[in-house]
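Undergrad: I am sharing input-v7.pdb, which consists of PDB, C-alpha atoms:
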```pdb
ATOM      1  CA  MET A  30     -12.140   1.820  31.513
ATOM      2  CA  ALA A  31     -15.872   1.322  31.317
ATOM      3  CA  ARG A  32     -17.286  -1.312  33.663
ATOM      4  CA  PHE A  33     -16.157  -4.638  35.076
ATOM      5  CA  GLY A  34     -12.550  -3.830  34.140
ATOM      6  CA  ARG A  35     -13.340  -3.587  30.431
ATOM      7  CA  THR A  36     -12.639  -0.797  28.005
ATOM      8  CA  VAL A  37     -15.661   0.841  26.424
ATOM      9  CA  ALA A  38     -15.124  -1.208  23.252
ATOM     10  CA  GLU A  39     -14.739  -4.477  25.166
ATOM     11  CA  TYR A  40     -17.857  -3.724  27.190
ATOM     12  CA  GLU A  41     -19.865  -3.008  24.034
ATOM     13  CA  ASN A  42     -18.558  -6.117  22.295
ATOM     14  CA  LEU A  43     -19.894  -8.282  25.114
ATOM     15  CA  ALA A  44     -23.395  -7.311  23.977
ATOM     16  CA  ARG A  45     -22.790  -7.682  20.242
ATOM     17  CA  ASP A  46     -24.260 -10.938  18.955
ATOM     18  CA  PRO A  47     -22.309 -12.284  15.945
ATOM     19  CA  ALA A  48     -25.311 -14.500  15.112
ATOM     20  CA  HIS A  49     -27.311 -11.305  14.715
ATOM     21  CA  ARG A  50     -24.907  -9.315  12.559
ATOM     22  CA  GLY A  51     -23.208  -7.884  15.638
ATOM     23  CA  LYS A  52     -26.341  -6.116  16.788
ATOM     24  CA  ILE A  53     -26.826  -4.932  20.365
ATOM     25  CA  THR A  54     -30.375  -5.377  21.656
ATOM     26  CA  ALA A  55     -32.036  -5.182  25.036
ATOM     27  CA  LYS A  56     -31.786  -8.965  25.197
ATOM     28  CA  THR A  57     -28.074  -9.103  24.385
ATOM     29  CA  ALA A  58     -27.421  -6.280  26.868
ATOM     30  CA  GLN A  59     -29.201  -8.363  29.511
ATOM     31  CA  GLU A  60     -27.026 -11.350  28.543
ATOM     32  CA  ARG A  61     -23.947  -9.195  29.072
ATOM     33  CA  LYS A  62     -25.197  -8.178  32.509
ATOM     34  CA  VAL A  63     -25.771 -11.809  33.463
ATOM     35  CA  GLY A  64     -22.353 -12.885  32.183
ATOM     36  CA  LEU A  65     -20.411 -10.119  33.843
ATOM     37  CA  GLU A  66     -22.128 -10.472  37.200
ATOM     38  CA  LEU A  67     -21.562 -14.225  37.229
ATOM     39  CA  GLU A  68     -17.936 -13.603  36.329
ATOM     40  CA  LYS A  69     -17.626 -11.082  39.171
ATOM     41  CA  ARG A  70     -19.271 -13.570  41.539
ATOM     42  CA  GLY A  71     -16.671 -16.159  40.599
ATOM     43  CA  ASP A  72     -19.156 -18.622  39.121
ATOM     44  CA  VAL A  73     -17.625 -18.285  35.635
ATOM     45  CA  PRO A  74     -13.863 -18.064  34.988
ATOM     46  CA  GLY A  75     -13.133 -14.583  33.669
ATOM     47  CA  PRO A  76     -12.563 -12.638  31.634
ATOM     48  CA  ILE A  77     -15.403 -13.771  29.421
ATOM     49  CA  ILE A  78     -15.687 -12.749  25.770
ATOM     50  CA  ARG A  79     -18.474 -13.062  23.204
ATOM     51  CA  ASP A  80     -18.269 -16.248  21.148
ATOM     52  CA  PRO A  81     -17.208 -14.868  17.747
ATOM     53  CA  THR A  82     -18.976 -17.736  15.956
ATOM     54  CA  GLY A  83     -22.349 -16.889  17.482
ATOM     55  CA  ALA A  84     -22.841 -20.538  18.426
ATOM     56  CA  ALA A  85     -22.780 -19.727  22.141
ATOM     57  CA  GLU A  86     -23.058 -16.440  24.004
ATOM     58  CA  PHE A  87     -19.723 -16.381  25.803
ATOM     59  CA  ILE A  88     -16.362 -18.099  26.055
ATOM     60  CA  ASP A  89     -14.722 -18.095  29.468
ATOM     61  CA  ALA A  90     -11.042 -17.785  30.334
ATOM     62  CA  ARG A  91     -10.597 -21.567  30.104
ATOM     63  CA  GLY A  92     -12.193 -21.822  26.662
ATOM     64  CA  GLY A  93     -15.524 -23.093  27.959
ATOM     65  CA  LYS A  94     -18.623 -22.076  26.010
ATOM     66  CA  TRP A  95     -21.645 -20.617  27.777
ATOM     67  CA  ASP A  96     -25.219 -20.225  26.674
ATOM     68  CA  VAL A  97     -27.533 -17.734  28.418
ATOM     69  CA  LYS A  98     -31.093 -18.927  28.858
ATOM     70  CA  GLY A  99     -33.963 -17.063  30.449
ATOM     71  CA  PHE A 100     -37.352 -18.488  31.301
ATOM     72  CA  ASN A 101     -40.505 -16.584  32.150
ATOM     73  CA  SER A 102     -43.212 -17.433  34.654
ATOM     74  CA  GLY A 103     -45.448 -14.624  33.409
ATOM     75  CA  PHE A 104     -47.001 -16.572  30.561
ATOM     76  CA  ARG A 105     -48.702 -19.939  30.188
ATOM     77  CA  PRO A 106     -46.396 -22.615  28.753
ATOM     78  CA  SER A 107     -48.101 -22.492  25.351
ATOM     79  CA  LYS A 108     -47.483 -18.748  25.285
ATOM     80  CA  GLY A 109     -43.768 -18.997  25.926
ATOM     81  CA  GLY A 110     -44.014 -19.334  29.686
ATOM     82  CA  PHE A 111     -41.974 -21.657  31.843
ATOM     83  CA  ASP A 112     -42.628 -25.368  31.501
ATOM     84  CA  LEU A 113     -40.413 -27.650  33.531
ATOM     85  CA  GLY A 114     -40.143 -30.503  31.052
ATOM     86  CA  THR A 115     -39.768 -28.357  27.947
ATOM     87  CA  ASP A 116     -37.329 -25.877  29.416
ATOM     88  CA  ALA A 117     -35.212 -28.452  31.201
ATOM     89  CA  GLY A 118     -34.998 -30.164  27.802
ATOM     90  CA  LYS A 119     -33.668 -26.951  26.268
ATOM     91  CA  VAL A 120     -30.969 -26.796  28.939
ATOM     92  CA  ASP A 121     -30.125 -30.444  28.284
ATOM     93  CA  LYS A 122     -29.703 -29.687  24.566
ATOM     94  CA  SER A 123     -27.100 -26.987  25.306
ATOM     95  CA  LEU A 124     -25.282 -29.273  27.737
ATOM     96  CA  SER A 125     -25.271 -32.090  25.179
ATOM     97  CA  GLU A 126     -23.535 -29.732  22.749
ATOM     98  CA  GLY A 127     -20.756 -29.106  25.242
ATOM     99  CA  GLU A 128     -21.976 -25.732  26.429
ATOM    100  CA  SER A 129     -22.571 -24.687  30.007
ATOM    101  CA  VAL A 130     -25.608 -22.578  30.828
ATOM    102  CA  MET A 131     -26.090 -19.270  32.605
ATOM    103  CA  LEU A 132     -29.709 -19.359  33.701
ATOM    104  CA  ASP A 133     -31.359 -15.956  34.007
ATOM    105  CA  THR A 134     -34.209 -16.439  36.473
ATOM    106  CA  SER A 135     -35.112 -12.757  36.763
ATOM    107  CA  GLU A 136     -38.492 -13.335  35.085
ATOM    108  CA  MET A 137     -39.291 -16.501  37.024
ATOM    109  CA  SER A 138     -41.344 -16.991  40.163
ATOM    110  CA  LEU A 139     -39.623 -18.276  43.278
ATOM    111  CA  GLY A 140     -41.628 -21.485  43.048
ATOM    112  CA  ASP A 141     -40.575 -22.126  39.459
ATOM    113  CA  ILE A 142     -36.928 -21.378  40.282
ATOM    114  CA  ASN A 143     -36.966 -23.879  43.114
ATOM    115  CA  THR A 144     -38.681 -26.494  40.959
ATOM    116  CA  LEU A 145     -36.103 -26.023  38.222
ATOM    117  CA  LYS A 146     -33.206 -26.260  40.671
ATOM    118  CA  VAL A 147     -34.559 -29.519  42.064
ATOM    119  CA  GLU A 148     -34.977 -30.870  38.526
ATOM    120  CA  GLY A 149     -31.487 -29.703  37.598
ATOM    121  CA  ALA A 150     -30.023 -31.501  40.593
ATOM    122  CA  ALA A 151     -31.894 -34.671  39.635
ATOM    123  CA  ARG A 152     -30.576 -34.426  36.072
ATOM    124  CA  GLY A 153     -27.034 -33.964  37.343
ATOM    125  CA  TRP A 154     -26.455 -30.496  35.947
ATOM    126  CA  GLY A 155     -24.022 -29.639  38.740
ATOM    127  CA  ASN A 156     -21.890 -26.571  38.117
ATOM    128  CA  THR A 157     -22.486 -26.693  34.359
ATOM    129  CA  VAL A 158     -25.603 -24.632  35.060
ATOM    130  CA  VAL A 159     -25.288 -21.458  37.111
ATOM    131  CA  TYR A 160     -28.258 -19.412  38.218
ATOM    132  CA  TRP A 161     -28.552 -15.626  38.111
ATOM    133  CA  PRO A 162     -29.341 -13.555  40.115
TER     134      PRO A 162
ATOM    135  CA  MET B 151     -56.332  -6.188  24.441
ATOM    136  CA  ILE B 152     -55.412  -3.559  21.896
ATOM    137  CA  ASN B 153     -57.995  -3.290  19.157
ATOM    138  CA  ASP B 154     -57.955   0.310  18.049
ATOM    139  CA  ARG B 155     -55.827   0.579  14.900
ATOM    140  CA  ASP B 156     -54.360   4.022  15.718
ATOM    141  CA  ALA B 157     -53.530   2.974  19.276
ATOM    142  CA  LEU B 158     -51.801  -0.129  17.927
ATOM    143  CA  THR B 159     -49.808   1.950  15.465
ATOM    144  CA  GLN B 160     -48.624   4.086  18.380
ATOM    145  CA  ARG B 161     -47.698   1.010  20.386
ATOM    146  CA  LEU B 162     -45.666  -0.287  17.444
ATOM    147  CA  ASP B 163     -43.951   3.098  17.094
ATOM    148  CA  GLN B 164     -43.121   3.058  20.800
ATOM    149  CA  HIS B 165     -41.731  -0.456  20.487
ATOM    150  CA  ARG B 166     -39.515   0.475  17.549
ATOM    151  CA  LEU B 167     -38.151   3.339  19.643
ATOM    152  CA  TRP B 168     -37.563   0.929  22.527
ATOM    153  CA  ALA B 169     -35.765  -1.527  20.236
ATOM    154  CA  ALA B 170     -33.610   1.112  18.550
ATOM    155  CA  SER B 171     -32.594   2.629  21.886
ATOM    156  CA  VAL B 172     -31.809  -0.781  23.461
ATOM    157  CA  GLY B 173     -34.581  -0.248  25.991
ATOM    158  CA  ARG B 174     -33.674   3.276  27.057
ATOM    159  CA  ASP B 175     -36.632   5.025  25.378
ATOM    160  CA  GLY B 176     -40.065   4.004  24.204
ATOM    161  CA  THR B 177     -42.019   1.044  25.545
ATOM    162  CA  GLN B 178     -41.660  -2.643  24.801
ATOM    163  CA  LEU B 179     -44.766  -4.065  23.150
ATOM    164  CA  ALA B 180     -45.967  -6.973  25.254
ATOM    165  CA  ALA B 181     -49.510  -8.191  24.682
ATOM    166  CA  GLU B 182     -51.014 -11.645  24.309
ATOM    167  CA  ASP B 183     -53.238 -12.532  21.362
ATOM    168  CA  LEU B 184     -52.625  -9.232  19.620
ATOM    169  CA  ASP B 185     -54.224  -8.950  16.192
ATOM    170  CA  LEU B 186     -51.650  -7.702  13.708
ATOM    171  CA  SER B 187     -53.443  -9.097  10.687
ATOM    172  CA  GLY B 188     -52.975  -7.216   7.461
ATOM    173  CA  ARG B 189     -50.082  -5.141   8.773
ATOM    174  CA  ASP B 190     -47.092  -4.455   6.569
ATOM    175  CA  LEU B 191     -44.234  -4.775   9.037
ATOM    176  CA  SER B 192     -41.608  -5.605   6.444
ATOM    177  CA  GLY B 193     -38.112  -4.437   7.288
ATOM    178  CA  GLN B 194     -39.125  -3.108  10.689
ATOM    179  CA  ASP B 195     -36.979  -3.513  13.777
ATOM    180  CA  LEU B 196     -39.307  -5.184  16.263
ATOM    181  CA  ASN B 197     -36.656  -7.098  18.208
ATOM    182  CA  GLY B 198     -37.820  -8.121  21.655
ATOM    183  CA  ILE B 199     -41.542  -7.906  20.804
ATOM    184  CA  GLU B 200     -43.682 -10.099  23.054
ATOM    185  CA  VAL B 201     -46.880 -11.047  21.279
ATOM    186  CA  PRO B 202     -47.550 -14.704  22.101
ATOM    187  CA  GLY B 203     -50.682 -15.935  20.423
ATOM    188  CA  GLY B 204     -50.533 -12.971  18.044
ATOM    189  CA  ARG B 205     -52.498 -13.143  14.818
ATOM    190  CA  PHE B 206     -50.712 -12.204  11.610
ATOM    191  CA  GLU B 207     -53.159 -13.193   8.900
ATOM    192  CA  ASN B 208     -52.102 -11.567   5.609
ATOM    193  CA  ALA B 209     -49.383  -9.608   7.394
ATOM    194  CA  THR B 210     -45.991  -9.049   5.794
ATOM    195  CA  LEU B 211     -42.853  -9.494   7.860
ATOM    196  CA  ALA B 212     -40.221  -9.834   5.147
ATOM    197  CA  GLY B 213     -36.897  -8.596   6.447
ATOM    198  CA  ALA B 214     -38.360  -7.707   9.830
ATOM    199  CA  ASP B 215     -36.273  -8.178  12.957
ATOM    200  CA  LEU B 216     -38.185 -10.181  15.565
ATOM    201  CA  SER B 217     -35.091 -11.497  17.321
ATOM    202  CA  GLY B 218     -35.355 -12.262  20.996
ATOM    203  CA  GLY B 219     -39.116 -11.901  20.841
ATOM    204  CA  ASN B 220     -41.870 -14.093  22.174
ATOM    205  CA  LEU B 221     -44.137 -15.290  19.378
ATOM    206  CA  ALA B 222     -45.108 -18.572  20.972
ATOM    207  CA  SER B 223     -48.415 -19.871  19.620
ATOM    208  CA  ALA B 224     -48.480 -17.025  17.103
ATOM    209  CA  GLU B 225     -50.605 -17.558  14.010
ATOM    210  CA  LEU B 226     -48.153 -17.027  11.176
ATOM    211  CA  ALA B 227     -49.544 -19.456   8.615
ATOM    212  CA  GLY B 228     -48.658 -18.409   5.094
ATOM    213  CA  VAL B 229     -46.947 -15.223   6.264
ATOM    214  CA  ASP B 230     -44.037 -13.763   4.310
ATOM    215  CA  LEU B 231     -41.007 -13.858   6.614
ATOM    216  CA  THR B 232     -38.429 -13.851   3.835
ATOM    217  CA  GLY B 233     -35.065 -12.793   5.221
ATOM    218  CA  ALA B 234     -36.508 -12.099   8.659
ATOM    219  CA  GLN B 235     -34.226 -11.985  11.678
ATOM    220  CA  LEU B 236     -35.503 -14.508  14.218
ATOM    221  CA  VAL B 237     -32.402 -15.028  16.349
ATOM    222  CA  LYS B 238     -33.359 -16.619  19.692
ATOM    223  CA  THR B 239     -37.021 -15.910  19.004
ATOM    224  CA  ASN B 240     -39.475 -18.062  20.919
ATOM    225  CA  LEU B 241     -41.703 -19.669  18.301
ATOM    226  CA  ASP B 242     -42.826 -22.637  20.397
ATOM    227  CA  TYR B 243     -46.241 -23.921  19.282
ATOM    228  CA  ALA B 244     -46.367 -21.249  16.539
ATOM    229  CA  ASP B 245     -48.277 -21.990  13.360
ATOM    230  CA  LEU B 246     -45.798 -21.335  10.567
ATOM    231  CA  SER B 247     -47.406 -23.693   8.102
ATOM    232  CA  ARG B 248     -46.804 -22.596   4.509
ATOM    233  CA  ALA B 249     -44.861 -19.572   5.779
ATOM    234  CA  GLN B 250     -42.204 -18.137   3.492
ATOM    235  CA  LEU B 251     -38.959 -18.245   5.484
ATOM    236  CA  THR B 252     -36.449 -18.184   2.643
ATOM    237  CA  GLY B 253     -33.135 -16.816   3.886
ATOM    238  CA  ALA B 254     -34.494 -16.228   7.388
ATOM    239  CA  ASN B 255     -32.049 -16.170  10.277
ATOM    240  CA  LEU B 256     -33.404 -18.635  12.846
ATOM    241  CA  ARG B 257     -30.177 -19.178  14.746
ATOM    242  CA  ARG B 258     -30.925 -20.519  18.231
ATOM    243  CA  ALA B 259     -34.645 -19.927  17.754
ATOM    244  CA  SER B 260     -36.984 -22.121  19.756
ATOM    245  CA  LEU B 261     -39.520 -23.980  17.630
ATOM    246  CA  PHE B 262     -40.776 -26.625  20.057
ATOM    247  CA  ARG B 263     -43.936 -28.168  18.603
ATOM    248  CA  ALA B 264     -44.060 -25.468  15.927
ATOM    249  CA  ARG B 265     -46.051 -26.218  12.802
ATOM    250  CA  LEU B 266     -43.774 -25.773   9.814
ATOM    251  CA  ASN B 267     -45.602 -28.076   7.419
ATOM    252  CA  GLY B 268     -45.292 -26.749   3.903
ATOM    253  CA  ALA B 269     -43.066 -23.883   5.009
ATOM    254  CA  VAL B 270     -40.310 -22.699   2.685
ATOM    255  CA  LEU B 271     -37.015 -22.594   4.582
ATOM    256  CA  ASP B 272     -34.693 -22.511   1.591
ATOM    257  CA  GLY B 273     -31.384 -20.962   2.571
ATOM    258  CA  ALA B 274     -32.573 -20.356   6.129
ATOM    259  CA  ASP B 275     -30.015 -20.479   8.929
ATOM    260  CA  LEU B 276     -31.210 -22.958  11.548
ATOM    261  CA  ARG B 277     -27.970 -23.410  13.455
ATOM    262  CA  GLY B 278     -28.664 -24.072  17.105
ATOM    263  CA  ALA B 279     -32.438 -23.975  16.622
ATOM    264  CA  TYR B 280     -34.581 -26.124  18.912
ATOM    265  CA  LEU B 281     -36.969 -28.133  16.749
ATOM    266  CA  ARG B 282     -38.091 -30.910  19.061
ATOM    267  CA  ASP B 283     -41.538 -32.172  18.077
ATOM    268  CA  ALA B 284     -41.813 -29.590  15.304
ATOM    269  CA  ASP B 285     -43.840 -30.612  12.249
ATOM    270  CA  LEU B 286     -41.780 -30.201   9.088
ATOM    271  CA  THR B 287     -44.018 -32.260   6.822
ATOM    272  CA  GLY B 288     -43.603 -31.038   3.265
ATOM    273  CA  ALA B 289     -41.287 -28.203   4.266
ATOM    274  CA  SER B 290     -38.657 -27.130   1.756
ATOM    275  CA  LEU B 291     -35.138 -26.869   3.169
ATOM    276  CA  THR B 292     -32.985 -26.506   0.075
ATOM    277  CA  GLY B 293     -29.727 -24.874   1.085
ATOM    278  CA  ALA B 294     -30.809 -24.435   4.694
ATOM    279  CA  VAL B 295     -27.959 -24.398   7.208
ATOM    280  CA  LEU B 296     -28.224 -27.114   9.848
ATOM    281  CA  ASP B 297     -25.403 -27.819  12.244
ATOM    282  CA  ASP B 298     -26.329 -30.422  14.756
ATOM    283  CA  PRO B 299     -27.093 -34.128  14.443
ATOM    284  CA  GLU B 300     -30.432 -33.931  16.256
ATOM    285  CA  LEU B 301     -31.610 -31.224  13.882
ATOM    286  CA  GLY B 302     -30.424 -33.240  10.911
ATOM    287  CA  ARG B 303     -32.351 -36.282  12.147
ATOM    288  CA  THR B 304     -35.453 -34.186  12.699
ATOM    289  CA  VAL B 305     -35.285 -32.821   9.170
ATOM    290  CA  ALA B 306     -34.449 -36.208   7.660
ATOM    291  CA  ALA B 307     -37.506 -37.706   9.316
ATOM    292  CA  PHE B 308     -39.675 -35.390   7.235
ATOM    293  CA  ALA B 309     -37.776 -35.782   3.971
ATOM    294  CA  PRO B 310     -39.996 -36.913   1.056
TER     295      PRO B 310
END
```
Transcribe the structure of this file into structure tokens.
TA:
Amino acid sequence: MARFGRTVAEYENLARDPAHRGKITAKTAQERKVGLELEKRGDVPGPIIRDPTGAAEFIDARGGKWDVKGFNSGFRPSKGGFDLGTDAGKVDKSLSEGESVMLDTSEMSLGDINTLKVEGAARGWGNTVVYWP
Amino acid sequence: MINDRDALTQRLDQHRLWAASVGRDGTQLAAEDLDLSGRDLSGQDLNGIEVPGGRFENATLAGADLSGGNLASAELAGVDLTGAQLVKTNLDYADLSRAQLTGANLRRASLFRARLNGAVLDGADLRGAYLRDADLTGASLTGAVLDDPELGRTVAAFAP
């Protein structure tokens, strides 16, 4: 067994993005870390697997699809940095497509995280959006 | 800001090493407003590159892998991105006007307020892409793969 109760192959497959010809990148490895830790925490029903269609990142044990989104407070909004309205809209798009969202806040400031959580509560995201770490 | 051409070549080499090793070796290239004009980066694995506001005048990126990168506000007007991998790339506010994106993989890319007027997206895969407020005036989308109603409406709004 490798990690999180997976075989080596299963662990690797969690970072292989079918939308990207099955490639493993630093970004997809980070997505795997987010997914597995949320599964371990009990926020996502496990075991999760990669969505073989590439439409979402993961499928949970109940068949629910999960997107992983990460926002960054280190840039101005026009340079890819966090913008409340724009980024909340991106979350809404995933939710409207029937996906839930794992939100990687590791590159966000505490202030931006709190602002986003307040906005998420106002938009009624509930447990369809889970925050990591 | 990196201006010296040799230093930039080394930074690109270090980034390719970082990308190929999934972050174990090398160094991720992260620099705002980087001038990559005139560079032939075709076929190169530059996944995860963070060059928002980067300038790519007369650069070639055909077949390059820029997936997961941050190219927000990048100046990519007229650039050859044929067959490029742009999966989950942040291209918000980027200027892709007249860019050649035939066969490009833009799955789940973010193109909020991107300028795509006159771009050639024939055969491009746009499934899951975020195109809110993008300008697709005069863009060619023959054979492009679109999978969601909002995207279809966005594209239809710009149809001739």
Undergrad: Within 8 Å of (-31.4, -17.6, 31.7) in the file's own coordinates, which protein, DNA or RNA residues have an atom, counting only C-alpha atoms? List them as a count of residues only.
TA: 12
Undergrad: As a check of understanding, name the residues that the ChimeraX specification (/B :<9) & /A selects in the supplied structure, as number ranges by chain.
TA: A: 48-49, 53-58, 83-85, 104, 106-110, 115, 119, 122-123, 126
Undergrad: For this file, the PyMOL selection byres ((chain A and resi 76-78) around 6) selects which residues, as a PyMOL selection string?
TA: chain A and resi 75+79+87-90
Undergrad: Suppose a student applies the PyMOL selection byres ((chain B and resi 190) around 7) to this structure; what residues should they get, written as a list in words?
TA: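 Evaluating the PyMOL selection byres ((chain B and resi 190) around 7) on these coordinates yields Gly188, Arg189, Leu191, Ser192, Ala209, Thr210 and Leu211 of chain B.
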Undergrad: Hey, can you check how far CA of Ala117 (chain A) sits from CA of Arg45 (chain A)?
TA: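 According to the coordinates, CA of Ala117 (chain A) and CA of Arg45 (chain A) are separated by 26.6 Å.
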Undergrad: Which distance in Å separates CA of Ser247 (chain B) and CA of Leu276 (chain B), to one decimal?
TA: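 Going from CA of Ser247 (chain B) over to CA of Leu276 (chain B) covers 16.6 Å.
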Undergrad: What's the separation between CA of Leu271 (chain B) and CA of Leu291 (chain B), in Å to one decimal place?
TA: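 Between CA of Leu271 (chain B) and CA of Leu291 (chain B) the gap is 4.9 Å.
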Undergrad: Name the closest residue to Gly153 (chain A) among the candidates A:Asp96, A:Tyr40, A:Ser138, A:Val120; distances are taken between atoms, counting only C-alpha atoms.
TA: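 Checking each candidate against Gly153 (chain A), we get A:Val120 as the closest.
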Undergrad: Check the smallest atom-to-atom distance from each of B:Leu216, B:Ala294, B:Leu158, B:Val229 to Ala259 (chain B) using all atoms listed in the file, then report the winner.
TA: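 Result for the nearest residue to Ala259 (chain B): B:Leu216.
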Undergrad: If you count only C-alpha atoms, which residues fall within 6 Å of Leu246 (chain B), apart from same-chain ones fewer than 5 positions away, as a list in words?
TA: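 Everything that qualifies: Leu226, Ala227, Arg265 and Leu266 of chain B.
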Undergrad: Those same residues - C-alpha atoms - I'd like them written as a PDB file, keeping the file's coordinate frame.
TA:
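Ended up saving to part.pdb:
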```
ATOM      1  CA  LEU B 226     -48.153 -17.027  11.176  1.00  0.00           C
ATOM      2  CA  ALA B 227     -49.544 -19.456   8.615  1.00  0.00           C
ATOM      3  CA  ARG B 265     -46.051 -26.218  12.802  1.00  0.00           C
ATOM      4  CA  LEU B 266     -43.774 -25.773   9.814  1.00  0.00           C
TER       5      LEU B 266
END
```
Undergrad: Neighbouring residues of Arg166 (chain B) were defined as those with any atom within 8 Å, considering only C-alpha atoms; residues of the same chain fewer than 5 positions away were excluded. Please report them as a ChimeraX atom specification.
TA: /B:176,194-196
Undergrad: For Thr252 (chain B), which residue among B:Asn267, B:Asp175, B:Asp272, B:Arg205 is the nearest when counting all atoms listed in the file?
TA: B:Asp272
Undergrad: Atoms are missing here; could region 195-214 of chain B be completed with N, CA and C atoms and written as a short mmCIF file (atom, residue, chain, number, x, y, z; two decimals), keeping the file's coordinate frame?
TA:
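Printed below is result-v4.cif as written:
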```cif
data_model
loop_
_atom_site.label_atom_id
_atom_site.label_comp_id
_atom_site.auth_asym_id
_atom_site.auth_seq_id
_atom_site.Cartn_x
_atom_site.Cartn_y
_atom_site.Cartn_z
N ASP B 195 -37.73 -2.98 12.64
CA ASP B 195 -36.98 -3.51 13.78
C ASP B 195 -37.92 -3.65 14.96
N LEU B 196 -38.37 -4.88 15.17
CA LEU B 196 -39.31 -5.18 16.26
C LEU B 196 -38.66 -6.18 17.23
N ASN B 197 -37.31 -6.12 17.33
CA ASN B 197 -36.66 -7.10 18.21
C ASN B 197 -37.18 -6.97 19.64
N GLY B 198 -37.35 -8.10 20.28
CA GLY B 198 -37.82 -8.12 21.66
C GLY B 198 -39.33 -8.03 21.81
N ILE B 199 -40.08 -8.02 20.71
CA ILE B 199 -41.54 -7.91 20.80
C ILE B 199 -42.12 -9.16 21.47
N GLU B 200 -43.08 -8.96 22.34
CA GLU B 200 -43.68 -10.10 23.05
C GLU B 200 -45.17 -10.15 22.73
N VAL B 201 -45.49 -10.94 21.70
CA VAL B 201 -46.88 -11.05 21.28
C VAL B 201 -47.28 -12.52 21.13
N PRO B 202 -47.16 -13.29 22.21
CA PRO B 202 -47.55 -14.70 22.10
C PRO B 202 -49.02 -14.82 21.75
N GLY B 203 -49.29 -15.76 20.86
CA GLY B 203 -50.68 -15.94 20.42
C GLY B 203 -51.12 -14.87 19.43
N GLY B 204 -50.19 -14.05 18.97
CA GLY B 204 -50.53 -12.97 18.04
C GLY B 204 -51.05 -13.50 16.72
N ARG B 205 -51.94 -12.74 16.11
CA ARG B 205 -52.50 -13.14 14.82
C ARG B 205 -51.91 -12.25 13.72
N PHE B 206 -51.42 -12.91 12.68
CA PHE B 206 -50.71 -12.20 11.61
C PHE B 206 -51.29 -12.53 10.24
N GLU B 207 -52.56 -12.81 10.18
CA GLU B 207 -53.16 -13.19 8.90
C GLU B 207 -52.94 -12.10 7.85
N ASN B 208 -52.38 -12.50 6.71
CA ASN B 208 -52.10 -11.57 5.61
C ASN B 208 -51.15 -10.43 5.99
N ALA B 209 -50.41 -10.61 7.04
CA ALA B 209 -49.38 -9.61 7.39
C ALA B 209 -48.12 -9.88 6.58
N THR B 210 -47.27 -8.89 6.48
CA THR B 210 -45.99 -9.05 5.79
C THR B 210 -44.88 -8.72 6.77
N LEU B 211 -43.96 -9.66 6.91
CA LEU B 211 -42.85 -9.49 7.86
C LEU B 211 -41.51 -9.73 7.18
N ALA B 212 -41.47 -9.60 5.88
CA ALA B 212 -40.22 -9.83 5.15
C ALA B 212 -39.15 -8.87 5.64
N GLY B 213 -38.01 -9.43 6.01
CA GLY B 213 -36.90 -8.60 6.45
C GLY B 213 -37.07 -7.96 7.81
N ALA B 214 -38.15 -8.28 8.50
CA ALA B 214 -38.36 -7.71 9.83
C ALA B 214 -37.42 -8.36 10.84
#
```
